[in-house]
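Raw entry.pdb, PDB, C-alpha atoms, pLDDT in the B column:
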ATOM      1  CA  GLN J  27     115.719  84.425  97.153  1.00 80.00           C
ATOM      2  CA  LEU J  28     115.001  86.560 100.186  1.00 85.00           C
ATOM      3  CA  GLN J  29     115.221  85.107 103.656  1.00 92.00           C
ATOM      4  CA  LEU J  30     112.546  86.488 105.938  1.00 95.00           C
ATOM      5  CA  GLU J  31     112.347  85.959 109.663  1.00 95.00           C
ATOM      6  CA  GLU J  32     109.313  86.926 111.714  1.00 96.00           C
ATOM      7  CA  SER J  33     109.169  87.510 115.441  1.00 96.00           C
ATOM      8  CA  GLY J  34     106.889  89.102 118.000  1.00 96.00           C
ATOM      9  CA  GLY J  35     103.891  86.812 117.950  1.00 95.00           C
ATOM     10  CA  GLY J  36     102.313  85.554 121.140  1.00 97.00           C
ATOM     11  CA  SER J  37      99.210  85.542 123.269  1.00 97.00           C
ATOM     12  CA  VAL J  38      97.371  88.653 124.342  1.00 98.00           C
ATOM     13  CA  GLN J  39      93.999  89.554 125.766  1.00 98.00           C
ATOM     14  CA  ALA J  40      91.384  91.371 123.738  1.00 98.00           C
ATOM     15  CA  GLY J  41      92.115  95.061 123.572  1.00 97.00           C
ATOM     16  CA  GLY J  42      95.848  94.500 123.808  1.00 97.00           C
ATOM     17  CA  SER J  43      98.645  95.158 121.356  1.00 98.00           C
ATOM     18  CA  LEU J  44     101.479  93.272 119.723  1.00 98.00           C
ATOM     19  CA  ARG J  45     104.292  94.266 117.420  1.00 98.00           C
ATOM     20  CA  LEU J  46     105.464  91.832 114.792  1.00 98.00           C
ATOM     21  CA  SER J  47     108.882  92.163 113.195  1.00 98.00           C
ATOM     22  CA  CYS J  48     110.084  90.913 109.838  1.00 96.00           C
ATOM     23  CA  THR J  49     113.807  90.977 109.174  1.00 94.00           C
ATOM     24  CA  SER J  50     115.055  90.419 105.663  1.00 90.00           C
ATOM     25  CA  SER J  51     118.353  89.062 104.410  1.00 85.00           C
ATOM     26  CA  VAL J  52     118.402  91.488 101.501  1.00 74.00           C
ATOM     27  CA  TRP J  53     120.600  94.514 101.884  1.00 60.00           C
ATOM     28  CA  ARG J  54     118.674  96.896  99.667  1.00 69.00           C
ATOM     29  CA  LEU J  55     115.358  96.687 101.465  1.00 61.00           C
ATOM     30  CA  SER J  56     114.289  99.918  99.814  1.00 67.00           C
ATOM     31  CA  LYS J  57     113.796  98.108  96.506  1.00 78.00           C
ATOM     32  CA  VAL J  58     111.575  95.364  97.875  1.00 88.00           C
ATOM     33  CA  CYS J  59     107.859  95.251  98.594  1.00 93.00           C
ATOM     34  CA  ILE J  60     107.222  93.757 102.039  1.00 94.00           C
ATOM     35  CA  GLY J  61     103.866  92.653 103.328  1.00 96.00           C
ATOM     36  CA  TRP J  62     102.072  90.861 106.100  1.00 97.00           C
ATOM     37  CA  PHE J  63      99.547  88.144 105.440  1.00 98.00           C
ATOM     38  CA  ARG J  64      97.480  86.068 107.819  1.00 98.00           C
ATOM     39  CA  GLN J  65      95.917  82.667 107.705  1.00 98.00           C
ATOM     40  CA  THR J  66      93.414  80.844 109.882  1.00 97.00           C
ATOM     41  CA  PRO J  67      92.598  77.134 109.704  1.00 94.00           C
ATOM     42  CA  GLY J  68      90.548  76.224 106.662  1.00 95.00           C
ATOM     43  CA  LYS J  69      90.872  79.628 105.061  1.00 96.00           C
ATOM     44  CA  GLU J  70      93.094  81.076 102.393  1.00 96.00           C
ATOM     45  CA  ARG J  71      95.976  83.320 103.240  1.00 97.00           C
ATOM     46  CA  GLU J  72      94.949  86.969 103.010  1.00 97.00           C
ATOM     47  CA  MET J  73      96.894  90.201 102.790  1.00 97.00           C
ATOM     48  CA  VAL J  74      96.823  92.457 105.809  1.00 98.00           C
ATOM     49  CA  ALA J  75      99.137  95.275 104.763  1.00 97.00           C
ATOM     50  CA  SER J  76     102.180  96.060 102.678  1.00 97.00           C
ATOM     51  CA  ILE J  77     104.918  98.665 102.586  1.00 94.00           C
ATOM     52  CA  TYR J  78     107.420  99.875 100.028  1.00 92.00           C
ATOM     53  CA  PRO J  79     110.385 100.592 102.282  1.00 88.00           C
ATOM     54  CA  GLY J  80     112.049 102.903  99.785  1.00 86.00           C
ATOM     55  CA  SER J  81     109.306 105.491 100.173  1.00 89.00           C
ATOM     56  CA  GLY J  82     107.550 104.306 103.299  1.00 90.00           C
ATOM     57  CA  ALA J  83     104.246 104.239 101.433  1.00 93.00           C
ATOM     58  CA  THR J  84     101.796 101.701 102.777  1.00 96.00           C
ATOM     59  CA  TYR J  85      98.679  99.770 101.922  1.00 97.00           C
ATOM     60  CA  TYR J  86      96.185  98.353 104.403  1.00 97.00           C
ATOM     61  CA  ALA J  87      93.324  95.983 103.732  1.00 96.00           C
ATOM     62  CA  ASP J  88      90.027  97.436 104.894  1.00 95.00           C
ATOM     63  CA  SER J  89      89.643  95.003 107.788  1.00 92.00           C
ATOM     64  CA  TRP J  90      92.779  96.253 109.493  1.00 94.00           C
ATOM     65  CA  ARG J  91      93.114  99.864 108.439  1.00 94.00           C
ATOM     66  CA  GLY J  92      93.159 102.087 111.483  1.00 94.00           C
ATOM     67  CA  ARG J  93      94.182  99.368 113.943  1.00 96.00           C
ATOM     68  CA  PHE J  94      97.375  98.092 112.364  1.00 98.00           C
ATOM     69  CA  THR J  95     100.347 100.249 111.429  1.00 97.00           C
ATOM     70  CA  LEU J  96     103.391  99.412 109.337  1.00 96.00           C
ATOM     71  CA  SER J  97     106.797 100.969 109.770  1.00 94.00           C
ATOM     72  CA  ARG J  98     110.298 100.130 108.648  1.00 92.00           C
ATOM     73  CA  ASP J  99     113.923 100.497 109.568  1.00 90.00           C
ATOM     74  CA  ASN J 100     115.896 100.155 106.361  1.00 85.00           C
ATOM     75  CA  ILE J 101     119.221 100.034 108.175  1.00 88.00           C
ATOM     76  CA  LYS J 102     118.061  97.088 110.250  1.00 91.00           C
ATOM     77  CA  ARG J 103     116.324  95.611 107.179  1.00 90.00           C
ATOM     78  CA  THR J 104     113.232  95.213 109.316  1.00 93.00           C
ATOM     79  CA  VAL J 105     109.553  95.936 108.819  1.00 94.00           C
ATOM     80  CA  TYR J 106     107.243  96.204 111.812  1.00 97.00           C
ATOM     81  CA  LEU J 107     103.515  95.589 112.101  1.00 98.00           C
ATOM     82  CA  GLU J 108     102.048  97.302 115.139  1.00 98.00           C
ATOM     83  CA  MET J 109      98.715  95.699 115.985  1.00 98.00           C
ATOM     84  CA  THR J 110      96.397  97.474 118.401  1.00 97.00           C
ATOM     85  CA  SER J 111      92.884  96.946 119.762  1.00 97.00           C
ATOM     86  CA  LEU J 112      93.258  93.259 119.092  1.00 97.00           C
ATOM     87  CA  ASN J 113      90.200  91.037 119.195  1.00 97.00           C
ATOM     88  CA  PRO J 114      89.776  87.255 119.026  1.00 97.00           C
ATOM     89  CA  GLU J 115      89.117  87.469 115.273  1.00 96.00           C
ATOM     90  CA  ASP J 116      92.724  88.592 114.852  1.00 97.00           C
ATOM     91  CA  THR J 117      93.897  85.176 116.013  1.00 98.00           C
ATOM     92  CA  ALA J 118      95.869  83.697 113.126  1.00 98.00           C
ATOM     93  CA  THR J 119      99.278  82.794 111.839  1.00 98.00           C
ATOM     94  CA  TYR J 120     100.893  85.916 110.438  1.00 98.00           C
ATOM     95  CA  TYR J 121     103.375  85.652 107.618  1.00 98.00           C
ATOM     96  CA  CYS J 122     105.860  88.140 106.315  1.00 97.00           C
ATOM     97  CA  ALA J 123     106.257  88.089 102.545  1.00 96.00           C
ATOM     98  CA  ALA J 124     108.283  89.936  99.970  1.00 94.00           C
ATOM     99  CA  ALA J 125     108.578  90.594  96.281  1.00 92.00           C
ATOM    100  CA  ASN J 126     111.560  92.209  94.622  1.00 87.00           C
ATOM    101  CA  ASN J 127     109.727  92.757  91.334  1.00 87.00           C
ATOM    102  CA  ALA J 128     106.427  94.302  92.447  1.00 88.00           C
ATOM    103  CA  GLY J 129     107.385  97.947  92.119  1.00 88.00           C
ATOM    104  CA  PRO J 130     106.060 100.760  94.304  1.00 91.00           C
ATOM    105  CA  ASP J 131     102.705 101.240  92.550  1.00 93.00           C
ATOM    106  CA  ARG J 132     101.559  97.656  92.851  1.00 94.00           C
ATOM    107  CA  CYS J 133     103.019  97.362  96.334  1.00 94.00           C
ATOM    108  CA  VAL J 134     101.008 100.240  97.778  1.00 94.00           C
ATOM    109  CA  SER J 135      97.834  99.266  95.938  1.00 94.00           C
ATOM    110  CA  GLY J 136      97.907  95.775  97.418  1.00 91.00           C
ATOM    111  CA  SER J 137      98.082  94.248  93.927  1.00 94.00           C
ATOM    112  CA  TRP J 138     101.228  92.192  94.141  1.00 95.00           C
ATOM    113  CA  THR J 139     102.247  88.585  94.540  1.00 95.00           C
ATOM    114  CA  PRO J 140     104.977  87.542  96.967  1.00 95.00           C
ATOM    115  CA  ASN J 141     108.019  85.643  95.797  1.00 93.00           C
ATOM    116  CA  ASP J 142     109.267  84.751  99.256  1.00 94.00           C
ATOM    117  CA  TRP J 143     107.689  83.900 102.572  1.00 96.00           C
ATOM    118  CA  GLY J 144     108.716  83.689 106.177  1.00 96.00           C
ATOM    119  CA  GLN J 145     107.849  80.766 108.401  1.00 96.00           C
ATOM    120  CA  GLY J 146     105.018  82.549 110.160  1.00 97.00           C
ATOM    121  CA  THR J 147     104.377  83.631 113.712  1.00 97.00           C
ATOM    122  CA  GLN J 148     101.341  82.798 115.808  1.00 97.00           C
ATOM    123  CA  VAL J 149      99.070  85.436 117.293  1.00 98.00           C
ATOM    124  CA  ALA J 150      96.406  84.362 119.753  1.00 98.00           C
ATOM    125  CA  VAL J 151      93.909  86.833 121.178  1.00 98.00           C
ATOM    126  CA  SER J 152      91.710  85.708 124.049  1.00 97.00           C
ATOM    127  CA  SER J 153      88.450  87.310 125.079  1.00 95.00           C
TER
END

Mind converting the file's structure to C-alpha cells?
Amino acid sequence: QLQLEESGGGSVQAGGSLRLSCTSSVWRLSKVCIGWFRQTPGKEREMVASIYPGSGATYYADSWRGRFTLSRDNIKRTVYLEMTSLNPEDTATYYCAAANNAGPDRCVSGSWTPNDWGQGTQVAVSS
C-alpha cells in the first residue's frame, strides 16, 4: 500500500495560483500512476489530472486543461499540481491518488482506478 501525503492547499483570491504537492512512500515512483482528484460537498470525487512519472506523460480533464499543470520529481517521489487562474468554482478538497497497476496507457488516458488515497488538502478560492 502506498502512503501519499498532500500539501500546499490554502486560501487564495480569484485569479491567484497554488501549487499542491503529493509525496509518495514508494521508491519506484516511475512505475506508479499518480493523479489528483477533487471533491465538493454533495458531489462525487472527480479526476482532475494524472501523470505517469516514468515518462512524464500527463492527462488532464477538460475542465482544467490549460490552467492546471502536472510535474514530477522522481528523486523526491513527489508530484506537483500547479493551479493557475483559480476561480471560486475550484474550491474543493483535492486528493492525491495512486495506482501501481494502471500502466502508462490507462494512466494518461484518464481511465484508471486508484488503489491508494491521500488525506486530502483544502483549496478555497474567494471572489

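Nearest-residue note for Ser137 (chain J): choosing from J:Val38, J:Ala125, J:Leu112, J:Leu30, the minimum distance belongs to J:Ala125, counting all atoms listed in the file.
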
Counting all atoms listed in the file, which residue out of J:Ser76, J:Ser153, J:Asn100, J:Thr147 sits closest to Pro130 (chain J)?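 Smallest separation from Pro130 (chain J) among the options: J:Ser76.
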
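Of the residues under consideration (J:Asp99, J:Asp142, J:Glu115, J:Glu32), J:Asp99 shows the shortest atom-to-atom contact distance to Ile77 (chain J) when counting only C-alpha atoms.
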
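Residues selected in this file by the PyMOL selection byres ((chain J and resi 87) around 7) comprise J:Met73, J:Val74, J:Ala75, J:Tyr85, J:Tyr86, J:Asp88, J:Ser89, J:Trp90, J:Arg91.
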
Take CA of Cys48 (chain J) and CA of Ile60 (chain J) and report the distance between them in Å, one decimal.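 Atom-to-atom, CA of Cys48 (chain J) and CA of Ile60 (chain J) are spaced 8.8 Å apart.
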
Neighbourhood query: residues within 12 Å of (102.2, 81.9, 114.2), file coordinates, counting all atoms listed in the file; return as a PyMOL selection string. chain J and resi 31-37+46+63-67+116-122+144-151

Point-to-point distance in Å for CA of Ser135 (chain J) and CA of Lys102 (chain J): 24.9 Å

Taking into account only C-alpha atoms, which residue in the set J:Asn126, J:Thr95, J:Thr104, J:Asn113 is nearest to Ser152 (chain J)?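 For Ser152 (chain J), the nearest of the candidates is J:Asn113.
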
Using the chain letters and numbers from the file, which residues does the PyMOL selection byres ((chain J and resi 111) around 6) grab, as a ChimeraX atom specification? /J:41-42,110,112

Could you tell me how far CA of Gly68 (chain J) sits from CA of Gln29 (chain J), in Å to one decimal place?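 Computing it gives 26.4 Å between the two atoms.
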
Surrounding residues of Leu96 (chain J) excluding itself and chain neighbours under 4 positions, 7 Å, all atoms listed in the file, as a PDB file with C-alpha atoms, in the frame of the given file:
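This is the output file result.pdb:
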ATOM      1  CA  ILE J  77     104.918  98.665 102.586  1.00 94.00           C
ATOM      2  CA  TYR J 106     107.243  96.204 111.812  1.00 97.00           C
ATOM      3  CA  LEU J 107     103.515  95.589 112.101  1.00 98.00           C
ATOM      4  CA  GLU J 108     102.048  97.302 115.139  1.00 98.00           C
TER       5      GLU J 108
END

For Gly61 (chain J), which residue out of J:Arg98, J:Ala123, J:Ala128, J:Thr139 is the nearest one, using all atoms listed in the file? J:Ala123

Box centre and edge lengths (Å, one decimal), axis-aligned, region 108-120 of chain J plus 8 Å each side, as AutoDock Vina command-line options:
--center_x 95.6 --center_y 90.1 --center_z 115.1 --size_x 28.9 --size_y 30.7 --size_z 25.3

For Pro79 (chain J), which of J:Pro114, J:Trp143, J:Gln27, J:Cys133 is the closest residue, counting only C-alpha atoms? J:Cys133

Residues within 8 Å of Leu28 (chain J), all atoms listed in the file, excluding chain neighbours under 6 positions, as number ranges by chain: J: 50-52, 124, 142

Start from the incomplete input, build N, CA, C and O atoms for region 69-91 of chain J, and deliver everything as a short mmCIF file (atom, residue, chain, number, x, y, z; two decimals), in the frame of the given file.
data_model
loop_
_atom_site.label_atom_id
_atom_site.label_comp_id
_atom_site.auth_asym_id
_atom_site.auth_seq_id
_atom_site.Cartn_x
_atom_site.Cartn_y
_atom_site.Cartn_z
N LYS J 69 91.08 78.45 105.90
CA LYS J 69 90.87 79.63 105.06
C LYS J 69 92.13 79.94 104.28
O LYS J 69 93.23 79.54 104.64
N GLU J 70 91.95 80.68 103.20
CA GLU J 70 93.09 81.08 102.39
C GLU J 70 93.88 82.19 103.08
O GLU J 70 93.34 82.95 103.89
N ARG J 71 95.13 82.26 102.71
CA ARG J 71 95.98 83.32 103.24
C ARG J 71 95.51 84.65 102.65
O ARG J 71 95.22 84.74 101.45
N GLU J 72 95.44 85.67 103.48
CA GLU J 72 94.95 86.97 103.01
C GLU J 72 95.92 88.07 103.40
O GLU J 72 96.59 88.00 104.42
N MET J 73 95.98 89.09 102.55
CA MET J 73 96.89 90.20 102.79
C MET J 73 96.32 91.12 103.85
O MET J 73 95.15 91.50 103.80
N VAL J 74 97.18 91.51 104.76
CA VAL J 74 96.82 92.46 105.81
C VAL J 74 97.30 93.86 105.44
O VAL J 74 96.54 94.83 105.50
N ALA J 75 98.56 93.96 105.05
CA ALA J 75 99.14 95.28 104.76
C ALA J 75 100.45 95.08 104.02
O ALA J 75 101.05 94.00 104.07
N SER J 76 100.89 96.11 103.33
CA SER J 76 102.18 96.06 102.68
C SER J 76 102.82 97.44 102.69
O SER J 76 102.15 98.46 102.83
N ILE J 77 104.15 97.43 102.55
CA ILE J 77 104.92 98.66 102.59
C ILE J 77 106.02 98.61 101.55
O ILE J 77 106.60 97.55 101.30
N TYR J 78 106.27 99.76 100.92
CA TYR J 78 107.42 99.88 100.03
C TYR J 78 108.48 100.64 100.81
O TYR J 78 108.37 101.87 100.94
N PRO J 79 109.45 99.94 101.37
CA PRO J 79 110.38 100.59 102.28
C PRO J 79 111.14 101.78 101.69
O PRO J 79 111.52 102.69 102.42
N GLY J 80 111.32 101.80 100.39
CA GLY J 80 112.05 102.90 99.78
C GLY J 80 111.38 104.24 100.02
O GLY J 80 112.04 105.27 100.22
N SER J 81 110.06 104.25 99.98
CA SER J 81 109.31 105.49 100.17
C SER J 81 108.58 105.54 101.51
O SER J 81 108.21 106.63 101.97
N GLY J 82 108.35 104.37 102.07
CA GLY J 82 107.55 104.31 103.30
C GLY J 82 106.06 104.27 103.03
O GLY J 82 105.27 104.21 103.98
N ALA J 83 105.68 104.28 101.77
CA ALA J 83 104.25 104.24 101.43
C ALA J 83 103.67 102.89 101.82
O ALA J 83 104.33 101.86 101.72
N THR J 84 102.42 102.90 102.24
CA THR J 84 101.80 101.70 102.78
C THR J 84 100.43 101.44 102.16
O THR J 84 99.79 102.34 101.59
N TYR J 85 100.02 100.20 102.30
CA TYR J 85 98.68 99.77 101.92
C TYR J 85 98.12 98.95 103.09
O TYR J 85 98.85 98.15 103.69
N TYR J 86 96.85 99.15 103.38
CA TYR J 86 96.18 98.35 104.40
C TYR J 86 94.88 97.81 103.84
O TYR J 86 94.10 98.55 103.22
N ALA J 87 94.63 96.54 104.06
CA ALA J 87 93.32 95.98 103.73
C ALA J 87 92.29 96.61 104.66
O ALA J 87 92.59 96.98 105.80
N ASP J 88 91.07 96.72 104.16
CA ASP J 88 90.03 97.44 104.89
C ASP J 88 89.83 96.93 106.31
O ASP J 88 89.56 97.70 107.24
N SER J 89 89.95 95.60 106.48
CA SER J 89 89.64 95.00 107.79
C SER J 89 90.59 95.46 108.88
O SER J 89 90.26 95.38 110.07
N TRP J 90 91.76 95.92 108.50
CA TRP J 90 92.78 96.25 109.49
C TRP J 90 93.23 97.71 109.47
O TRP J 90 93.99 98.13 110.33
N ARG J 91 92.72 98.45 108.52
CA ARG J 91 93.11 99.86 108.44
C ARG J 91 92.63 100.58 109.68
O ARG J 91 91.48 100.47 110.09
#
